[in-house]
$ cat coords-v2.cif   # mmCIF, C-alpha atoms
data_structure
#
loop_
_atom_site.label_atom_id
_atom_site.label_comp_id
_atom_site.auth_asym_id
_atom_site.auth_seq_id
_atom_site.Cartn_x
_atom_site.Cartn_y
_atom_site.Cartn_z
CA MET A 1 -0.03 17.11 -24.93
CA SER A 2 3.51 15.75 -24.69
CA GLU A 3 4.13 12.30 -23.22
CA SER A 4 5.90 13.97 -20.29
CA SER A 5 2.95 16.28 -19.55
CA LYS A 6 0.56 13.34 -19.81
CA THR A 7 2.65 11.39 -17.30
CA VAL A 8 2.71 14.27 -14.80
CA GLU A 9 -1.06 14.67 -15.14
CA GLN A 10 -1.63 10.93 -14.66
CA TYR A 11 0.81 10.80 -11.73
CA ASN A 12 -0.94 13.71 -10.01
CA GLU A 13 -4.33 12.09 -10.59
CA VAL A 14 -3.22 8.80 -9.00
CA VAL A 15 -1.40 10.41 -6.07
CA GLY A 16 -4.30 12.83 -5.61
CA MET A 17 -6.67 9.88 -5.18
CA CYS A 18 -4.25 8.30 -2.68
CA ARG A 19 -3.89 11.62 -0.86
CA ILE A 20 -7.67 11.97 -0.39
CA LEU A 21 -7.85 8.52 1.20
CA PHE A 22 -4.78 9.19 3.35
CA GLU A 23 -6.20 12.49 4.63
CA LYS A 24 -9.54 10.86 5.51
CA LYS A 25 -7.77 8.04 7.35
CA THR A 26 -5.61 10.58 9.17
CA LYS A 27 -8.77 12.34 10.33
CA ASP A 28 -10.22 8.97 11.44
CA TYR A 29 -7.12 7.45 13.07
CA GLY A 30 -4.74 10.34 13.67
CA THR A 31 -1.09 9.52 13.13
CA ALA A 32 -1.14 6.09 14.77
CA TRP A 33 1.36 5.03 12.05
CA ARG A 34 4.01 7.07 13.90
CA ILE A 35 4.44 4.07 16.24
CA LEU A 36 5.72 1.94 13.33
CA ARG A 37 9.43 1.40 12.85
CA LEU A 38 10.65 1.28 9.24
CA PRO A 39 10.90 -2.54 9.16
CA SER A 40 7.23 -2.74 10.17
CA ILE A 41 6.27 -0.39 7.33
CA THR A 42 8.39 -2.48 4.97
CA ASP A 43 6.47 -5.57 6.09
CA GLN A 44 3.12 -3.83 5.52
CA ILE A 45 4.17 -3.00 1.96
CA PHE A 46 5.46 -6.57 1.53
CA ILE A 47 2.09 -8.03 2.56
CA LYS A 48 0.28 -5.85 0.03
CA ALA A 49 2.71 -6.68 -2.79
CA LYS A 50 2.52 -10.42 -2.02
CA ARG A 51 -1.29 -10.25 -2.14
CA ILE A 52 -1.16 -8.48 -5.51
CA ARG A 53 1.15 -11.17 -6.87
CA SER A 54 -1.03 -13.93 -5.45
CA ILE A 55 -4.13 -12.48 -7.13
CA GLN A 56 -2.22 -12.02 -10.39
CA GLU A 57 -1.06 -15.66 -10.32
CA LYS A 58 -4.34 -17.22 -9.17
CA GLY A 59 -6.62 -14.98 -11.19
CA THR A 60 -9.11 -14.93 -8.30
CA GLN A 61 -9.48 -13.46 -4.85
CA LYS A 62 -11.61 -14.15 -1.79
CA ILE A 63 -11.36 -10.76 -0.07
CA ASN A 64 -13.32 -7.98 -1.71
CA GLU A 65 -10.40 -5.53 -2.01
CA ASP A 66 -9.02 -5.34 -5.52
CA ILE A 67 -5.46 -4.95 -6.74
CA GLN A 68 -5.99 -1.20 -7.17
CA SER A 69 -6.63 -0.74 -3.45
CA GLU A 70 -3.44 -2.68 -2.65
CA PHE A 71 -1.35 -0.45 -4.95
CA ILE A 72 -2.94 2.59 -3.27
CA GLY A 73 -1.92 1.09 0.07
CA ILE A 74 1.65 0.61 -1.16
CA ILE A 75 1.79 4.23 -2.31
CA ASN A 76 0.53 5.54 1.02
CA TYR A 77 2.78 3.26 3.07
CA CYS A 78 5.79 4.34 0.99
CA ILE A 79 4.93 7.96 1.73
CA ILE A 80 4.51 7.06 5.41
CA ALA A 81 7.99 5.49 5.32
CA LEU A 82 9.48 8.58 3.69
CA MET A 83 7.78 10.76 6.31
CA GLN A 84 9.04 8.51 9.12
CA ILE A 85 12.60 8.88 7.81
CA THR A 86 12.16 12.66 8.00
CA LEU A 87 10.48 12.52 11.42
CA ASP A 88 12.82 9.85 12.80
CA LYS A 89 14.30 11.97 15.57
CA SER A 90 10.93 13.40 16.62
CA GLU A 91 9.30 11.85 19.67
CA GLU A 92 5.96 13.47 18.83
CA MET A 93 3.42 10.78 18.01
CA GLU A 94 0.30 12.74 17.17
CA LEU A 95 0.73 15.35 14.46
CA PRO A 96 -1.83 17.87 13.20
CA VAL A 97 -3.56 16.84 9.96
CA GLU A 98 -2.35 19.99 8.19
CA GLU A 99 1.28 19.27 9.10
CA VAL A 100 1.01 15.64 7.99
CA MET A 101 -0.59 16.58 4.67
CA LYS A 102 2.09 19.20 4.02
CA LEU A 103 4.73 16.52 4.59
CA TYR A 104 2.74 14.09 2.40
CA ASP A 105 2.77 16.67 -0.40
CA GLU A 106 6.52 17.27 0.00
CA LYS A 107 7.31 13.55 -0.21
CA SER A 108 5.01 12.94 -3.16
CA GLN A 109 6.55 15.94 -4.98
CA GLU A 110 10.09 14.67 -4.32
CA THR A 111 9.05 11.30 -5.71
CA LEU A 112 7.42 12.90 -8.76
CA ASP A 113 10.64 14.84 -9.40
CA LEU A 114 12.66 11.61 -9.15
CA MET A 115 10.26 9.88 -11.52
CA MET A 116 10.50 12.67 -14.08
CA ASN A 117 14.31 12.55 -14.00
CA LYS A 118 14.28 8.79 -14.47
CA ASN A 119 11.59 9.09 -17.15
CA HIS A 120 13.85 11.46 -19.04
CA ASP A 121 16.71 8.96 -18.97
CA TYR A 122 14.65 5.81 -19.57
CA GLY A 123 12.21 7.25 -22.12
CA GLU A 124 9.08 6.12 -20.26
CA ALA A 125 10.01 2.46 -20.67
CA TRP A 126 7.54 1.62 -17.89
CA ARG A 127 4.67 2.20 -20.33
CA ASP A 128 5.76 -0.97 -22.17
CA MET A 129 6.00 -3.07 -19.01
CA ARG A 130 3.48 -5.51 -17.63
CA ILE A 131 1.77 -4.77 -14.32
CA SER A 132 2.96 -8.20 -13.12
CA SER A 133 6.57 -7.14 -13.80
CA LEU A 134 6.04 -3.96 -11.81
CA THR A 135 4.75 -6.12 -8.95
CA ASP A 136 7.85 -8.32 -9.14
CA ILE A 137 10.15 -5.30 -9.12
CA ILE A 138 8.35 -3.93 -6.05
CA LEU A 139 8.88 -7.29 -4.32
CA MET A 140 12.56 -7.27 -5.31
CA LYS A 141 12.96 -3.74 -3.92
CA LEU A 142 11.28 -4.89 -0.70
CA LEU A 143 13.78 -7.72 -0.36
CA ARG A 144 16.57 -5.18 -0.89
CA VAL A 145 15.12 -2.90 1.79
CA LYS A 146 14.83 -5.84 4.19
CA GLN A 147 18.50 -6.67 3.58
CA ILE A 148 19.53 -3.05 4.13
CA GLU A 149 17.50 -3.06 7.35
CA GLU A 150 19.26 -6.26 8.43
CA ASN A 151 22.56 -4.46 7.75
CA GLU A 152 21.41 -1.65 10.07
CA GLY A 153 21.00 0.73 7.15
CA LYS A 154 24.57 0.39 5.94
CA THR A 155 25.25 -0.09 2.23
CA LEU A 156 28.53 -0.31 0.34
CA VAL A 157 27.49 0.95 -3.08
CA SER A 158 23.69 0.83 -3.08
CA GLU A 159 21.03 3.45 -2.57
CA GLY A 160 19.49 3.59 0.87
CA VAL A 161 15.99 2.65 1.93
CA GLY A 162 14.51 6.05 1.04
CA ALA A 163 15.36 5.67 -2.64
CA ASN A 164 13.81 2.20 -2.65
CA TYR A 165 10.58 3.46 -1.05
CA SER A 166 10.45 6.20 -3.70
CA ASP A 167 10.95 3.66 -6.48
CA MET A 168 8.24 1.37 -5.09
CA LEU A 169 5.88 4.33 -4.87
CA ASN A 170 6.58 5.21 -8.51
CA TYR A 171 6.18 1.62 -9.71
CA SER A 172 2.81 1.48 -7.93
CA VAL A 173 1.74 4.72 -9.62
CA PHE A 174 2.82 3.25 -12.96
CA ALA A 175 0.77 0.11 -12.28
CA LEU A 176 -2.35 2.16 -11.54
CA ILE A 177 -1.85 4.27 -14.66
CA LEU A 178 -1.44 1.15 -16.80
CA LYS A 179 -4.45 -0.48 -15.15
CA LYS A 180 -6.56 2.59 -15.90
CA GLU A 181 -5.36 2.45 -19.52
CA GLY A 182 -6.70 -1.08 -19.74
CA GLN A 183 -3.68 -3.27 -19.15
CA VAL A 184 -4.49 -6.39 -17.15
#
$ encode --input "coords-v2.cif" --output "C-alpha cells"
Amino acid sequence: MSESSKTVEQYNEVVGMCRILFEKKTKDYGTAWRILRLPSITDQIFIKAKRIRSIQEKGTQKINEDIQSEFIGIINYCIIALMQITLDKSEEMELPVEEVMKLYDEKSQETLDLMMNKNHDYGEAWRDMRISSLTDIILMKLLRVKQIEENEGKTLVSEGVGANYSDMLNYSVFALILKKEGQV
C-alpha cells in the first residue's frame, strides 16, 4: 500500500469515528449548534485545544476525557464551522439528520481533498511532527481566525476562516493518526 493510500485509509477511519459520534449527537440534540455564530465555534475549538496543551504540559488530567476525545471534538466543531459558513444565510435552525450528515460528508471530503493536495506538496511531513507541535499549530490557527473575526472577515493576503478550519481539522486528524501509531 502506498503512503498516500495509507493516509487516505487512516483519514477515513478517524473521520468515520468522528462522524458516528456526530450523527448520534445530532439524533440526541438535533442541530442546536445552528444557534452558534462562528466566533462561538472558534472559542469552543480554542477551549479544546487549550485543554489538550494543558494536559500535554502537565502530564496529568482531572477530568476523565482524554486528549483523543478533545481532538475528536475539534474535528467535529471544525466541520460544524464549515457547515455554518455554507448555511450562513439560512434561517432554518433545525435540519433533518440526513441533510446534516450529507453536508458533514461534503465538508469532510473537501477537507480530505485539501489534505491530499497539501500532502503531495509537503511529502507527508506531518508524519515526522510531534503531536504537541500539531496542538501548537492548531492554537496558532485559532488566534489567526480570532484576528480575522475581529477584522470582520477581511484579510489582505491571507486565507479566510474556512481554510483555517480545514487546516485545524486536518491537524487534528494527523494527531489522532500519530497517537494511534504510538506517538505520545
$ residues_near_point --input "coords-v2.cif" --point "(13.7, 7.2, -0.8)" --cutoff "10 Å" --atoms "only C-alpha atoms" --output "mmCIF file with C-alpha atoms, in the frame of the given file"
data_model
loop_
_atom_site.group_PDB
_atom_site.id
_atom_site.type_symbol
_atom_site.label_atom_id
_atom_site.label_comp_id
_atom_site.auth_asym_id
_atom_site.auth_seq_id
_atom_site.Cartn_x
_atom_site.Cartn_y
_atom_site.Cartn_z
ATOM 1 C CA CYS A 78 5.790 4.340 0.990
ATOM 2 C CA ILE A 79 4.930 7.960 1.730
ATOM 3 C CA ALA A 81 7.990 5.490 5.320
ATOM 4 C CA LEU A 82 9.480 8.580 3.690
ATOM 5 C CA MET A 83 7.780 10.760 6.310
ATOM 6 C CA ILE A 85 12.600 8.880 7.810
ATOM 7 C CA LYS A 107 7.310 13.550 -0.210
ATOM 8 C CA GLU A 110 10.090 14.670 -4.320
ATOM 9 C CA THR A 111 9.050 11.300 -5.710
ATOM 10 C CA LEU A 114 12.660 11.610 -9.150
ATOM 11 C CA GLU A 159 21.030 3.450 -2.570
ATOM 12 C CA GLY A 160 19.490 3.590 0.870
ATOM 13 C CA VAL A 161 15.990 2.650 1.930
ATOM 14 C CA GLY A 162 14.510 6.050 1.040
ATOM 15 C CA ALA A 163 15.360 5.670 -2.640
ATOM 16 C CA ASN A 164 13.810 2.200 -2.650
ATOM 17 C CA TYR A 165 10.580 3.460 -1.050
ATOM 18 C CA SER A 166 10.450 6.200 -3.700
ATOM 19 C CA ASP A 167 10.950 3.660 -6.480
ATOM 20 C CA MET A 168 8.240 1.370 -5.090
ATOM 21 C CA LEU A 169 5.880 4.330 -4.870
#
$ residues_around --input "coords-v2.cif" --residues "range 48-64 of chain A" --least-positions-apart "5" --cutoff "8 Å" --atoms "only C-alpha atoms" --output "MDAnalysis selection string"
chainID A and resid 70:71 73:74 132 135:136 138:139
$ write_last_selection --input "coords-v2.cif" --atoms "C-alpha atoms" --output "PDB file, in the coordinates of the input"
ATOM      1  CA  GLU A  70      -3.440  -2.680  -2.650  1.00  0.00           C
ATOM      2  CA  PHE A  71      -1.350  -0.450  -4.950  1.00  0.00           C
ATOM      3  CA  GLY A  73      -1.920   1.090   0.070  1.00  0.00           C
ATOM      4  CA  ILE A  74       1.650   0.610  -1.160  1.00  0.00           C
ATOM      5  CA  SER A 132       2.960  -8.200 -13.120  1.00  0.00           C
ATOM      6  CA  THR A 135       4.750  -6.120  -8.950  1.00  0.00           C
ATOM      7  CA  ASP A 136       7.850  -8.320  -9.140  1.00  0.00           C
ATOM      8  CA  ILE A 138       8.350  -3.930  -6.050  1.00  0.00           C
ATOM      9  CA  LEU A 139       8.880  -7.290  -4.320  1.00  0.00           C
TER      10      LEU A 139
END
$ atom_distance --input "coords-v2.cif" --atom1 "CA of Arg130 in chain A" --atom2 "CA of Thr155 in chain A"
30.0 Å
$ atom_distance --input "coords-v2.cif" --atom1 "CA of Ile41 in chain A" --atom2 "CA of Glu13 in chain A"
24.3 Å
$ atom_distance --input "coords-v2.cif" --atom1 "CA of Gly16 in chain A" --atom2 "CA of Ser133 in chain A"
24.2 Å
$ closest_residue --input "coords-v2.cif" --among "A:Glu124, A:Glu94, A:Asp113, A:Asp105" --to "Tyr29 in chain A" --atoms "all atoms listed in the file"
A:Glu94
$ closest_residue --input "coords-v2.cif" --among "A:Leu112, A:Met93, A:Leu178, A:Val100" --to "Met129 in chain A" --atoms "only C-alpha atoms"
A:Leu178
$ residues_around --input "coords-v2.cif" --residues "Ser4 in chain A" --least-positions-apart "6" --cutoff "9 Å" --atoms "all atoms listed in the file" --output "list in words"
Met116, Asn119, His120 and Glu124 of chain A
$ closest_residue --input "coords-v2.cif" --among "A:Ile72, A:Leu38, A:Ile20, A:Ile131" --to "Met101 in chain A" --atoms "only C-alpha atoms"
A:Ile20
$ residues_near_point --input "coords-v2.cif" --point "(0.7, 2.7, -12.1)" --cutoff "9 Å" --atoms "only C-alpha atoms" --output "list in words"
Gln10, Tyr11, Val14, Phe71, Ile131, Leu134, Asn170, Tyr171, Ser172, Val173, Phe174, Ala175, Leu176, Ile177, Leu178, Lys179 and Lys180 of chain A
$ resolve_selection --input "coords-v2.cif" --expression "the PyMOL selection byres ((chain A and resi 34) around 8)" --output "NGL selection string"
:A and (31-33 or 35-37 or 84 or 93-94)
$ closest_residue --input "coords-v2.cif" --among "A:Glu98, A:Pro39, A:Asp66, A:Arg144" --to "Ser158 in chain A" --atoms "all atoms listed in the file"
A:Arg144
$ closest_residue --input "coords-v2.cif" --among "A:Gln44, A:Asn76, A:Gln183, A:Asn117" --to "Tyr104 in chain A" --atoms "all atoms listed in the file"
A:Asn76
